[in-house]
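Engineer: Supplied in structure tokens, the structure appears directly below.
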Amino acid sequence: MSIYLIFFIVLSYLFWIKCIYYRHRRTLMKSLKHVMNVLSSGETDGSDIRAVIVTAHPDDECMFFAPTIVRLVELNASVHLLCLSEGNYYNQGTQRKQELLNSCAVLGIPASRVTIVDHKKLPDDPKAEWSISLISALIVKHIRAHSLNMVLTFDGRGVSGHANHVAIHKAVSHLASTGQVPNDCCLLSLVTVGLLRKYISFLELPLSWLLFSSLCCIIGSQGYRQAKAAMLCHRTQLLWFRYLYITFSRYMFINTFQIIPQGPKNLKIY
Ligand SMILES: [Zn+2]
């Protein structure tokens, strides 16, 4: 294959990525309205969106959800964070709480919208089995207390497979299937992709675009700088492989979500 042909293919691929990015910017609000089941065709921003990102540990918010947070904040949505542990696996809980608040400030979430749960039954530990009923109760209480209309969390594979991430998905799915979520609240799970797709950075974008998802959030170079700055707030976590993650993970650029289907409301399980 001639060098010119390779050059042409690479350039075309990068051009395709750029086109997808600009198209996404134009269509994001429409996708958000679709997942929220809002029929209004008027030109509105996202100020009607009151979203919560439910995570397990300090740093999940920027490692996995940064593109979504950056985009929602840009659209003037109220973005909350509910982190279900202090990240105390190495007894650094106090430090990690502050790091989380700093990271959220960089991403545009004020401290008043950050809730960090410190519960002895929810330790930061991949071997600990988190109680689904306890997590469900905490999430539903948070939804009602802040009149939230969007919940974003992990899917059944938890992106990294961490048991605490998976437990949150189980709890949200439980709320969905038992009809305990308010009518106007939509539930979304972050799609876990395979290893190869996960570590090819923004080059993965065409695949994410072609495969069906309910919502796709993409950030450009400016958003990436913000996500990277948020990651760097987590000083206790900055081991060498974290720098590789910042450089190569597609979750630093792209988030895709699927809707978690909801069952009949107020279903009683006997
Ligand atoms: Zn985590």
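Lettering and numbering for the structure tokens are positional, with chains as A, B, ... in the shown order, residues counted from 1 in each chain, and ligands counted from 1 in the shown order.
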Please find the residues contacting ligand 1 at a distance of at most 10 Å between atoms, with only C-alpha atoms and all ligand atoms counted, and report them as a short mmCIF file (atom, residue, chain, number, x, y, z; two decimals) with N, CA and C atoms, in the first residue's frame.
Structural biologist:
```cif
data_model
loop_
_atom_site.label_atom_id
_atom_site.label_comp_id
_atom_site.auth_asym_id
_atom_site.auth_seq_id
_atom_site.Cartn_x
_atom_site.Cartn_y
_atom_site.Cartn_z
N THR A 55 -21.65 7.23 42.18
CA THR A 55 -20.37 6.52 42.07
C THR A 55 -20.07 5.79 43.37
N ALA A 56 -19.02 4.97 43.33
CA ALA A 56 -18.66 4.18 44.52
C ALA A 56 -17.48 4.80 45.27
N HIS A 57 -16.54 5.42 44.54
CA HIS A 57 -15.30 5.88 45.17
C HIS A 57 -14.92 7.28 44.67
N PRO A 58 -14.21 8.05 45.51
CA PRO A 58 -13.65 9.30 45.02
C PRO A 58 -12.70 8.96 43.86
N ASP A 59 -12.79 9.60 42.79
CA ASP A 59 -12.06 9.49 41.50
C ASP A 59 -12.89 8.81 40.40
N ASP A 60 -13.97 8.07 40.77
CA ASP A 60 -14.85 7.48 39.74
C ASP A 60 -15.44 8.60 38.88
N GLU A 61 -15.75 9.73 39.51
CA GLU A 61 -16.42 10.82 38.79
C GLU A 61 -15.58 11.32 37.61
N MET A 63 -12.62 9.63 36.42
CA MET A 63 -12.08 8.52 35.63
C MET A 63 -13.10 8.03 34.60
N PHE A 64 -14.38 8.05 34.99
CA PHE A 64 -15.39 7.40 34.15
C PHE A 64 -16.47 8.35 33.61
N CYS A 83 -21.48 9.97 46.09
CA CYS A 83 -20.38 9.00 46.14
C CYS A 83 -20.59 8.13 47.38
N LEU A 84 -20.70 6.83 47.17
CA LEU A 84 -21.16 5.96 48.26
C LEU A 84 -20.08 5.49 49.22
N SER A 85 -18.85 5.93 49.03
CA SER A 85 -17.82 5.63 50.04
C SER A 85 -16.79 6.75 50.04
N GLY A 87 -13.65 6.06 50.05
CA GLY A 87 -12.44 5.52 49.43
C GLY A 87 -11.38 5.25 50.48
N ASP A 124 -14.98 0.76 51.12
CA ASP A 124 -14.30 0.72 49.81
C ASP A 124 -13.49 -0.57 49.80
N ASP A 125 -14.06 -1.60 49.22
CA ASP A 125 -13.41 -2.91 49.24
C ASP A 125 -14.04 -3.80 48.17
N PRO A 126 -13.23 -4.23 47.20
CA PRO A 126 -13.81 -5.06 46.13
C PRO A 126 -14.34 -6.40 46.64
N PHE A 154 -23.12 3.22 36.84
CA PHE A 154 -22.43 2.15 36.11
C PHE A 154 -23.43 1.15 35.52
N GLY A 158 -19.71 -2.57 35.41
CA GLY A 158 -19.02 -1.58 36.24
C GLY A 158 -17.79 -0.93 35.67
N VAL A 159 -17.63 -0.92 34.35
CA VAL A 159 -16.49 -0.37 33.61
C VAL A 159 -15.17 -1.09 33.96
N SER A 160 -14.80 -1.09 35.24
CA SER A 160 -13.56 -1.76 35.62
C SER A 160 -13.85 -3.12 36.25
N GLY A 161 -15.14 -3.45 36.39
CA GLY A 161 -15.52 -4.73 36.99
C GLY A 161 -15.50 -4.70 38.52
N HIS A 162 -15.22 -3.55 39.13
CA HIS A 162 -15.15 -3.45 40.59
C HIS A 162 -16.51 -3.82 41.19
N ALA A 163 -16.48 -4.69 42.22
CA ALA A 163 -17.73 -5.19 42.81
C ALA A 163 -18.61 -4.05 43.35
N ASN A 164 -17.99 -3.00 43.87
CA ASN A 164 -18.77 -1.88 44.42
C ASN A 164 -19.52 -1.14 43.31
N HIS A 165 -18.91 -1.03 42.11
CA HIS A 165 -19.58 -0.39 40.97
C HIS A 165 -20.80 -1.23 40.55
N VAL A 166 -20.55 -2.54 40.48
CA VAL A 166 -21.61 -3.46 40.03
C VAL A 166 -22.79 -3.43 41.01
#
```
Engineer: Using the chain letters and numbers from this document, which residues of region 13-179 of chain A does DSSP assign to strand (DSSP E or B), as number ranges by chain?
Structural biologist: A: 50-55, 78-83, 114-116, 150-154
Engineer: Please produce a file of those selected residues containing N, CA and C atoms, as a PDB file, in the first residue's frame.
Structural biologist:
```pdb
ATOM      1  N   ARG A  50     -31.922  17.930  36.228  1.00  0.00           N
ATOM      2  CA  ARG A  50     -31.356  17.832  37.573  1.00  0.00           C
ATOM      3  C   ARG A  50     -30.824  16.398  37.688  1.00  0.00           C
ATOM      4  N   ALA A  51     -29.525  16.283  37.450  1.00  0.00           N
ATOM      5  CA  ALA A  51     -28.938  14.942  37.316  1.00  0.00           C
ATOM      6  C   ALA A  51     -28.060  14.597  38.509  1.00  0.00           C
ATOM      7  N   VAL A  52     -28.016  13.299  38.811  1.00  0.00           N
ATOM      8  CA  VAL A  52     -27.063  12.833  39.824  1.00  0.00           C
ATOM      9  C   VAL A  52     -26.208  11.722  39.217  1.00  0.00           C
ATOM     10  N   ILE A  53     -24.916  11.836  39.458  1.00  0.00           N
ATOM     11  CA  ILE A  53     -23.990  10.771  39.067  1.00  0.00           C
ATOM     12  C   ILE A  53     -23.771   9.960  40.343  1.00  0.00           C
ATOM     13  N   VAL A  54     -24.079   8.672  40.299  1.00  0.00           N
ATOM     14  CA  VAL A  54     -23.890   7.838  41.496  1.00  0.00           C
ATOM     15  C   VAL A  54     -22.621   6.999  41.307  1.00  0.00           C
ATOM     16  N   THR A  55     -21.652   7.227  42.179  1.00  0.00           N
ATOM     17  CA  THR A  55     -20.371   6.525  42.069  1.00  0.00           C
ATOM     18  C   THR A  55     -20.073   5.785  43.371  1.00  0.00           C
ATOM     19  N   SER A  78     -28.314  21.129  36.548  1.00  0.00           N
ATOM     20  CA  SER A  78     -27.856  21.010  37.945  1.00  0.00           C
ATOM     21  C   SER A  78     -27.280  19.610  38.080  1.00  0.00           C
ATOM     22  N   VAL A  79     -25.993  19.535  38.293  1.00  0.00           N
ATOM     23  CA  VAL A  79     -25.354  18.219  38.388  1.00  0.00           C
ATOM     24  C   VAL A  79     -24.947  17.955  39.838  1.00  0.00           C
ATOM     25  N   HIS A  80     -25.418  16.815  40.360  1.00  0.00           N
ATOM     26  CA  HIS A  80     -25.085  16.398  41.722  1.00  0.00           C
ATOM     27  C   HIS A  80     -24.196  15.158  41.644  1.00  0.00           C
ATOM     28  N   LEU A  81     -23.448  14.943  42.716  1.00  0.00           N
ATOM     29  CA  LEU A  81     -22.662  13.704  42.797  1.00  0.00           C
ATOM     30  C   LEU A  81     -22.988  13.005  44.115  1.00  0.00           C
ATOM     31  N   LEU A  82     -23.308  11.731  44.017  1.00  0.00           N
ATOM     32  CA  LEU A  82     -23.519  10.921  45.216  1.00  0.00           C
ATOM     33  C   LEU A  82     -22.456   9.831  45.197  1.00  0.00           C
ATOM     34  N   CYS A  83     -21.478   9.967  46.086  1.00  0.00           N
ATOM     35  CA  CYS A  83     -20.375   8.998  46.139  1.00  0.00           C
ATOM     36  C   CYS A  83     -20.592   8.132  47.380  1.00  0.00           C
ATOM     37  N   VAL A 114     -22.333  17.911  46.335  1.00  0.00           N
ATOM     38  CA  VAL A 114     -21.568  16.663  46.465  1.00  0.00           C
ATOM     39  C   VAL A 114     -21.935  15.998  47.794  1.00  0.00           C
ATOM     40  N   THR A 115     -22.361  14.748  47.728  1.00  0.00           N
ATOM     41  CA  THR A 115     -22.668  13.994  48.946  1.00  0.00           C
ATOM     42  C   THR A 115     -21.754  12.783  48.992  1.00  0.00           C
ATOM     43  N   ILE A 116     -21.012  12.694  50.095  1.00  0.00           N
ATOM     44  CA  ILE A 116     -20.107  11.549  50.262  1.00  0.00           C
ATOM     45  C   ILE A 116     -20.636  10.722  51.435  1.00  0.00           C
ATOM     46  N   MET A 150     -32.770  12.724  36.625  1.00  0.00           N
ATOM     47  CA  MET A 150     -31.863  11.875  35.841  1.00  0.00           C
ATOM     48  C   MET A 150     -30.821  11.235  36.772  1.00  0.00           C
ATOM     49  N   VAL A 151     -30.688   9.923  36.661  1.00  0.00           N
ATOM     50  CA  VAL A 151     -29.675   9.207  37.455  1.00  0.00           C
ATOM     51  C   VAL A 151     -28.725   8.526  36.474  1.00  0.00           C
ATOM     52  N   LEU A 152     -27.431   8.783  36.644  1.00  0.00           N
ATOM     53  CA  LEU A 152     -26.435   8.161  35.771  1.00  0.00           C
ATOM     54  C   LEU A 152     -25.475   7.358  36.644  1.00  0.00           C
ATOM     55  N   THR A 153     -25.292   6.091  36.282  1.00  0.00           N
ATOM     56  CA  THR A 153     -24.376   5.269  37.074  1.00  0.00           C
ATOM     57  C   THR A 153     -23.758   4.176  36.214  1.00  0.00           C
ATOM     58  N   PHE A 154     -23.118   3.218  36.841  1.00  0.00           N
ATOM     59  CA  PHE A 154     -22.430   2.152  36.114  1.00  0.00           C
ATOM     60  C   PHE A 154     -23.428   1.155  35.522  1.00  0.00           C
TER      61      PHE A 154
END
```
Engineer: Of the residues A:Met252, A:Tyr224, A:Leu187, A:Ser103, which is the one nearest to Ile200 (chain A), using only C-alpha atoms?
Structural biologist: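 That would be A:Met252, the residue with the smallest distance to Ile200 (chain A).
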Engineer: My list of candidates is A:Ser173, A:Ser201, A:Arg25, A:Ile246. Which is closest to Ala230 (chain A) when distances are computed with only C-alpha atoms?
Structural biologist: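 Of the candidates, the smallest distance to Ala230 (chain A) is held by A:Ile246.
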Engineer: Write out as a list in words the residues lying within 8 Å of Ile259 (chain A), counting only C-alpha atoms and excluding same-chain residues fewer than 5 positions away.
Structural biologist: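 Returned residues: Val35, Cys186, Leu187, Leu188, Ser189 and Ser214 of chain A.
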Engineer: Which one is closest to Val193 (chain A): A:Leu211, A:Ile9, A:Ala66, A:Ile20? Count only C-alpha atoms.
Structural biologist: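 Distance minimum relative to Val193 (chain A) lands on A:Leu211.
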Engineer: Any chance you could list, as a PDB file with N, CA and C atoms, in the first residue's frame, the residues in region 65-178 of chain A that come up helix (DSSP H, G or I) when DSSP is run on the backbone?
Structural biologist:
```
ATOM      1  N   ALA A  66     -16.362  11.972  33.436  1.00  0.00           N
ATOM      2  CA  ALA A  66     -15.990  13.371  33.156  1.00  0.00           C
ATOM      3  C   ALA A  66     -16.670  13.939  31.900  1.00  0.00           C
ATOM      4  N   PRO A  67     -16.698  13.232  30.753  1.00  0.00           N
ATOM      5  CA  PRO A  67     -17.336  13.827  29.568  1.00  0.00           C
ATOM      6  C   PRO A  67     -18.797  14.213  29.820  1.00  0.00           C
ATOM      7  N   THR A  68     -19.503  13.367  30.574  1.00  0.00           N
ATOM      8  CA  THR A  68     -20.916  13.640  30.860  1.00  0.00           C
ATOM      9  C   THR A  68     -21.052  14.855  31.770  1.00  0.00           C
ATOM     10  N   ILE A  69     -20.257  14.894  32.828  1.00  0.00           N
ATOM     11  CA  ILE A  69     -20.352  16.009  33.775  1.00  0.00           C
ATOM     12  C   ILE A  69     -20.030  17.324  33.068  1.00  0.00           C
ATOM     13  N   VAL A  70     -18.959  17.336  32.299  1.00  0.00           N
ATOM     14  CA  VAL A  70     -18.545  18.568  31.604  1.00  0.00           C
ATOM     15  C   VAL A  70     -19.653  19.046  30.668  1.00  0.00           C
ATOM     16  N   ARG A  71     -20.224  18.125  29.907  1.00  0.00           N
ATOM     17  CA  ARG A  71     -21.271  18.510  28.944  1.00  0.00           C
ATOM     18  C   ARG A  71     -22.538  18.998  29.656  1.00  0.00           C
ATOM     19  N   LEU A  72     -22.956  18.289  30.713  1.00  0.00           N
ATOM     20  CA  LEU A  72     -24.183  18.698  31.421  1.00  0.00           C
ATOM     21  C   LEU A  72     -24.002  20.061  32.081  1.00  0.00           C
ATOM     22  N   VAL A  73     -22.843  20.294  32.675  1.00  0.00           N
ATOM     23  CA  VAL A  73     -22.581  21.590  33.317  1.00  0.00           C
ATOM     24  C   VAL A  73     -22.601  22.699  32.256  1.00  0.00           C
ATOM     25  N   GLU A  74     -22.024  22.428  31.113  1.00  0.00           N
ATOM     26  CA  GLU A  74     -22.020  23.402  29.994  1.00  0.00           C
ATOM     27  C   GLU A  74     -23.436  23.791  29.578  1.00  0.00           C
ATOM     28  N   GLY A  93      -9.205   8.044  53.757  1.00  0.00           N
ATOM     29  CA  GLY A  93     -10.550   8.582  53.541  1.00  0.00           C
ATOM     30  C   GLY A  93     -10.640  10.098  53.639  1.00  0.00           C
ATOM     31  N   THR A  94     -10.044  10.676  54.695  1.00  0.00           N
ATOM     32  CA  THR A  94     -10.167  12.131  54.904  1.00  0.00           C
ATOM     33  C   THR A  94      -9.545  12.891  53.734  1.00  0.00           C
ATOM     34  N   GLN A  95      -8.351  12.444  53.345  1.00  0.00           N
ATOM     35  CA  GLN A  95      -7.652  13.086  52.225  1.00  0.00           C
ATOM     36  C   GLN A  95      -8.445  12.931  50.915  1.00  0.00           C
ATOM     37  N   ARG A  96      -8.970  11.738  50.729  1.00  0.00           N
ATOM     38  CA  ARG A  96      -9.678  11.462  49.468  1.00  0.00           C
ATOM     39  C   ARG A  96     -10.984  12.240  49.357  1.00  0.00           C
ATOM     40  N   LYS A  97     -11.605  12.509  50.505  1.00  0.00           N
ATOM     41  CA  LYS A  97     -12.830  13.327  50.484  1.00  0.00           C
ATOM     42  C   LYS A  97     -12.515  14.725  49.944  1.00  0.00           C
ATOM     43  N   GLN A  98     -11.410  15.293  50.440  1.00  0.00           N
ATOM     44  CA  GLN A  98     -11.023  16.631  49.981  1.00  0.00           C
ATOM     45  C   GLN A  98     -10.641  16.606  48.495  1.00  0.00           C
ATOM     46  N   GLU A  99      -9.951  15.547  48.088  1.00  0.00           N
ATOM     47  CA  GLU A  99      -9.567  15.415  46.677  1.00  0.00           C
ATOM     48  C   GLU A  99     -10.814  15.359  45.786  1.00  0.00           C
ATOM     49  N   LEU A 100     -11.830  14.662  46.283  1.00  0.00           N
ATOM     50  CA  LEU A 100     -13.076  14.554  45.514  1.00  0.00           C
ATOM     51  C   LEU A 100     -13.735  15.930  45.359  1.00  0.00           C
ATOM     52  N   LEU A 101     -13.759  16.684  46.448  1.00  0.00           N
ATOM     53  CA  LEU A 101     -14.369  18.021  46.375  1.00  0.00           C
ATOM     54  C   LEU A 101     -13.590  18.911  45.402  1.00  0.00           C
ATOM     55  N   ASN A 102     -12.260  18.795  45.424  1.00  0.00           N
ATOM     56  CA  ASN A 102     -11.439  19.586  44.493  1.00  0.00           C
ATOM     57  C   ASN A 102     -11.711  19.179  43.045  1.00  0.00           C
ATOM     58  N   SER A 103     -11.781  17.874  42.822  1.00  0.00           N
ATOM     59  CA  SER A 103     -12.030  17.357  41.472  1.00  0.00           C
ATOM     60  C   SER A 103     -13.401  17.833  40.960  1.00  0.00           C
ATOM     61  N   CYS A 104     -14.403  17.766  41.840  1.00  0.00           N
ATOM     62  CA  CYS A 104     -15.750  18.200  41.443  1.00  0.00           C
ATOM     63  C   CYS A 104     -15.756  19.692  41.116  1.00  0.00           C
ATOM     64  N   ALA A 105     -15.015  20.482  41.887  1.00  0.00           N
ATOM     65  CA  ALA A 105     -14.951  21.931  41.621  1.00  0.00           C
ATOM     66  C   ALA A 105     -14.378  22.174  40.223  1.00  0.00           C
ATOM     67  N   VAL A 106     -13.369  21.410  39.847  1.00  0.00           N
ATOM     68  CA  VAL A 106     -12.771  21.546  38.509  1.00  0.00           C
ATOM     69  C   VAL A 106     -13.795  21.177  37.428  1.00  0.00           C
ATOM     70  N   LEU A 107     -14.583  20.143  37.709  1.00  0.00           N
ATOM     71  CA  LEU A 107     -15.565  19.685  36.712  1.00  0.00           C
ATOM     72  C   LEU A 107     -16.824  20.557  36.685  1.00  0.00           C
ATOM     73  N   ALA A 111     -19.437  22.174  45.910  1.00  0.00           N
ATOM     74  CA  ALA A 111     -19.396  21.280  47.079  1.00  0.00           C
ATOM     75  C   ALA A 111     -20.791  21.034  47.648  1.00  0.00           C
ATOM     76  N   SER A 112     -21.693  22.041  47.511  1.00  0.00           N
ATOM     77  CA  SER A 112     -23.048  21.892  48.050  1.00  0.00           C
ATOM     78  C   SER A 112     -23.838  20.793  47.323  1.00  0.00           C
ATOM     79  N   ARG A 113     -23.378  20.371  46.159  1.00  0.00           N
ATOM     80  CA  ARG A 113     -24.082  19.313  45.417  1.00  0.00           C
ATOM     81  C   ARG A 113     -23.327  17.981  45.463  1.00  0.00           C
ATOM     82  N   ILE A 132     -27.742  -4.269  48.656  1.00  0.00           N
ATOM     83  CA  ILE A 132     -28.512  -3.657  47.571  1.00  0.00           C
ATOM     84  C   ILE A 132     -29.655  -2.804  48.145  1.00  0.00           C
ATOM     85  N   SER A 133     -30.279  -3.309  49.227  1.00  0.00           N
ATOM     86  CA  SER A 133     -31.402  -2.545  49.781  1.00  0.00           C
ATOM     87  C   SER A 133     -30.920  -1.236  50.409  1.00  0.00           C
ATOM     88  N   LEU A 134     -29.736  -1.261  51.033  1.00  0.00           N
ATOM     89  CA  LEU A 134     -29.199  -0.025  51.626  1.00  0.00           C
ATOM     90  C   LEU A 134     -28.867   0.999  50.531  1.00  0.00           C
ATOM     91  N   ILE A 135     -28.188   0.554  49.471  1.00  0.00           N
ATOM     92  CA  ILE A 135     -27.833   1.480  48.379  1.00  0.00           C
ATOM     93  C   ILE A 135     -29.105   2.034  47.736  1.00  0.00           C
ATOM     94  N   SER A 136     -30.079   1.149  47.474  1.00  0.00           N
ATOM     95  CA  SER A 136     -31.341   1.583  46.844  1.00  0.00           C
ATOM     96  C   SER A 136     -31.991   2.677  47.688  1.00  0.00           C
ATOM     97  N   ALA A 137     -32.027   2.445  49.022  1.00  0.00           N
ATOM     98  CA  ALA A 137     -32.680   3.418  49.914  1.00  0.00           C
ATOM     99  C   ALA A 137     -31.951   4.766  49.859  1.00  0.00           C
ATOM    100  N   LEU A 138     -30.617   4.718  49.854  1.00  0.00           N
ATOM    101  CA  LEU A 138     -29.841   5.975  49.816  1.00  0.00           C
ATOM    102  C   LEU A 138     -30.094   6.734  48.508  1.00  0.00           C
ATOM    103  N   ILE A 139     -30.135   5.988  47.398  1.00  0.00           N
ATOM    104  CA  ILE A 139     -30.315   6.645  46.095  1.00  0.00           C
ATOM    105  C   ILE A 139     -31.717   7.257  45.991  1.00  0.00           C
ATOM    106  N   VAL A 140     -32.727   6.484  46.366  1.00  0.00           N
ATOM    107  CA  VAL A 140     -34.096   6.992  46.219  1.00  0.00           C
ATOM    108  C   VAL A 140     -34.323   8.195  47.147  1.00  0.00           C
ATOM    109  N   LYS A 141     -33.705   8.173  48.324  1.00  0.00           N
ATOM    110  CA  LYS A 141     -33.812   9.310  49.247  1.00  0.00           C
ATOM    111  C   LYS A 141     -33.176  10.556  48.610  1.00  0.00           C
ATOM    112  N   HIS A 142     -32.051  10.351  47.964  1.00  0.00           N
ATOM    113  CA  HIS A 142     -31.342  11.463  47.310  1.00  0.00           C
ATOM    114  C   HIS A 142     -32.161  12.024  46.139  1.00  0.00           C
ATOM    115  N   ILE A 143     -32.778  11.125  45.377  1.00  0.00           N
ATOM    116  CA  ILE A 143     -33.601  11.561  44.237  1.00  0.00           C
ATOM    117  C   ILE A 143     -34.731  12.456  44.746  1.00  0.00           C
ATOM    118  N   ARG A 144     -35.398  11.991  45.795  1.00  0.00           N
ATOM    119  CA  ARG A 144     -36.547  12.753  46.315  1.00  0.00           C
ATOM    120  C   ARG A 144     -36.103  14.058  46.972  1.00  0.00           C
ATOM    121  N   ALA A 145     -35.016  14.028  47.733  1.00  0.00           N
ATOM    122  CA  ALA A 145     -34.563  15.229  48.453  1.00  0.00           C
ATOM    123  C   ALA A 145     -34.197  16.364  47.492  1.00  0.00           C
ATOM    124  N   GLY A 158     -19.713  -2.568  35.409  1.00  0.00           N
ATOM    125  CA  GLY A 158     -19.024  -1.584  36.245  1.00  0.00           C
ATOM    126  C   GLY A 158     -17.786  -0.931  35.666  1.00  0.00           C
ATOM    127  N   VAL A 159     -17.629  -0.918  34.355  1.00  0.00           N
ATOM    128  CA  VAL A 159     -16.486  -0.370  33.611  1.00  0.00           C
ATOM    129  C   VAL A 159     -15.174  -1.091  33.958  1.00  0.00           C
ATOM    130  N   SER A 160     -14.802  -1.088  35.240  1.00  0.00           N
ATOM    131  CA  SER A 160     -13.559  -1.759  35.623  1.00  0.00           C
ATOM    132  C   SER A 160     -13.847  -3.122  36.253  1.00  0.00           C
ATOM    133  N   GLY A 161     -15.140  -3.453  36.391  1.00  0.00           N
ATOM    134  CA  GLY A 161     -15.520  -4.732  36.993  1.00  0.00           C
ATOM    135  C   GLY A 161     -15.496  -4.703  38.517  1.00  0.00           C
ATOM    136  N   ALA A 163     -16.481  -4.686  42.215  1.00  0.00           N
ATOM    137  CA  ALA A 163     -17.734  -5.187  42.806  1.00  0.00           C
ATOM    138  C   ALA A 163     -18.606  -4.055  43.352  1.00  0.00           C
ATOM    139  N   ASN A 164     -17.992  -2.996  43.874  1.00  0.00           N
ATOM    140  CA  ASN A 164     -18.773  -1.878  44.425  1.00  0.00           C
ATOM    141  C   ASN A 164     -19.517  -1.138  43.305  1.00  0.00           C
ATOM    142  N   HIS A 165     -18.915  -1.031  42.112  1.00  0.00           N
ATOM    143  CA  HIS A 165     -19.585  -0.388  40.966  1.00  0.00           C
ATOM    144  C   HIS A 165     -20.801  -1.235  40.549  1.00  0.00           C
ATOM    145  N   VAL A 166     -20.550  -2.544  40.478  1.00  0.00           N
ATOM    146  CA  VAL A 166     -21.607  -3.459  40.033  1.00  0.00           C
ATOM    147  C   VAL A 166     -22.785  -3.432  41.015  1.00  0.00           C
ATOM    148  N   ALA A 167     -22.464  -3.323  42.313  1.00  0.00           N
ATOM    149  CA  ALA A 167     -23.528  -3.293  43.337  1.00  0.00           C
ATOM    150  C   ALA A 167     -24.437  -2.078  43.123  1.00  0.00           C
ATOM    151  N   ILE A 168     -23.861  -0.954  42.726  1.00  0.00           N
ATOM    152  CA  ILE A 168     -24.691   0.246  42.498  1.00  0.00           C
ATOM    153  C   ILE A 168     -25.645  -0.003  41.334  1.00  0.00           C
ATOM    154  N   HIS A 169     -25.134  -0.627  40.287  1.00  0.00           N
ATOM    155  CA  HIS A 169     -26.011  -0.931  39.143  1.00  0.00           C
ATOM    156  C   HIS A 169     -27.162  -1.847  39.568  1.00  0.00           C
ATOM    157  N   LYS A 170     -26.835  -2.842  40.365  1.00  0.00           N
ATOM    158  CA  LYS A 170     -27.887  -3.770  40.834  1.00  0.00           C
ATOM    159  C   LYS A 170     -28.948  -3.007  41.624  1.00  0.00           C
ATOM    160  N   ALA A 171     -28.492  -2.067  42.462  1.00  0.00           N
ATOM    161  CA  ALA A 171     -29.437  -1.296  43.291  1.00  0.00           C
ATOM    162  C   ALA A 171     -30.340  -0.427  42.406  1.00  0.00           C
ATOM    163  N   VAL A 172     -29.748   0.223  41.400  1.00  0.00           N
ATOM    164  CA  VAL A 172     -30.563   1.085  40.520  1.00  0.00           C
ATOM    165  C   VAL A 172     -31.530   0.223  39.692  1.00  0.00           C
ATOM    166  N   SER A 173     -31.055  -0.925  39.230  1.00  0.00           N
ATOM    167  CA  SER A 173     -31.935  -1.825  38.473  1.00  0.00           C
ATOM    168  C   SER A 173     -33.077  -2.309  39.362  1.00  0.00           C
ATOM    169  N   HIS A 174     -32.763  -2.544  40.628  1.00  0.00           N
ATOM    170  CA  HIS A 174     -33.800  -2.969  41.582  1.00  0.00           C
ATOM    171  C   HIS A 174     -34.854  -1.870  41.731  1.00  0.00           C
ATOM    172  N   LEU A 175     -34.393  -0.626  41.877  1.00  0.00           N
ATOM    173  CA  LEU A 175     -35.337   0.499  41.988  1.00  0.00           C
ATOM    174  C   LEU A 175     -36.204   0.588  40.734  1.00  0.00           C
ATOM    175  N   ALA A 176     -35.557   0.374  39.575  1.00  0.00           N
ATOM    176  CA  ALA A 176     -36.282   0.469  38.296  1.00  0.00           C
ATOM    177  C   ALA A 176     -37.339  -0.624  38.187  1.00  0.00           C
ATOM    178  N   SER A 177     -36.958  -1.842  38.520  1.00  0.00           N
ATOM    179  CA  SER A 177     -37.890  -2.956  38.309  1.00  0.00           C
ATOM    180  C   SER A 177     -39.023  -2.968  39.329  1.00  0.00           C
TER     181      SER A 177
END
```
Engineer: I need the residue nearest Phe212 (chain A) from this list: A:Asn76, A:Ser2, A:Thr256, A:Ser12. Use only C-alpha atoms for the distance.
Structural biologist: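 Selected residue with least distance to Phe212 (chain A): A:Thr256.
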Engineer: Residues at most 9 Å from Ile17 (chain A), counting only C-alpha atoms, excluding those fewer than 3 positions away in the same chain, as a list in words?
Structural biologist: Ser12, Tyr13, Leu14, Ile20, Tyr21, Tyr22, Phe202, Leu203, Glu204, Leu205 and Pro206 of chain A
Engineer: Next, dump the selected residues to file, keeping only C-alpha atoms, as an mmCIF file, in the first residue's frame.
Structural biologist:
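Below you can see out.cif, which holds the result:
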```cif
data_model
loop_
_atom_site.group_PDB
_atom_site.id
_atom_site.type_symbol
_atom_site.label_atom_id
_atom_site.label_comp_id
_atom_site.auth_asym_id
_atom_site.auth_seq_id
_atom_site.Cartn_x
_atom_site.Cartn_y
_atom_site.Cartn_z
ATOM 1 C CA SER A 12 -10.049 10.708 6.502
ATOM 2 C CA TYR A 13 -10.438 8.858 9.813
ATOM 3 C CA LEU A 14 -9.446 11.948 11.806
ATOM 4 C CA ILE A 20 -18.907 13.231 14.636
ATOM 5 C CA TYR A 21 -17.750 15.577 17.389
ATOM 6 C CA TYR A 22 -19.393 18.659 15.832
ATOM 7 C CA PHE A 202 -10.584 9.342 21.100
ATOM 8 C CA LEU A 203 -9.861 7.040 18.146
ATOM 9 C CA GLU A 204 -12.677 4.861 19.509
ATOM 10 C CA LEU A 205 -15.257 7.556 18.787
ATOM 11 C CA PRO A 206 -16.525 6.249 15.401
#
```
Engineer: Of the residues A:Ser31, A:Trp16, A:Lys127, A:Ile49, which is the one nearest to Leu210 (chain A), using only C-alpha atoms?
Structural biologist: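 Nearest to Leu210 (chain A): A:Trp16.
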Engineer: Grab the CA of Ile218 (chain A) to CA of Phe15 (chain A) distance for me, in Å with one decimal place.
Structural biologist: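 Atom-to-atom, CA of Ile218 (chain A) and CA of Phe15 (chain A) are spaced 15.6 Å apart.
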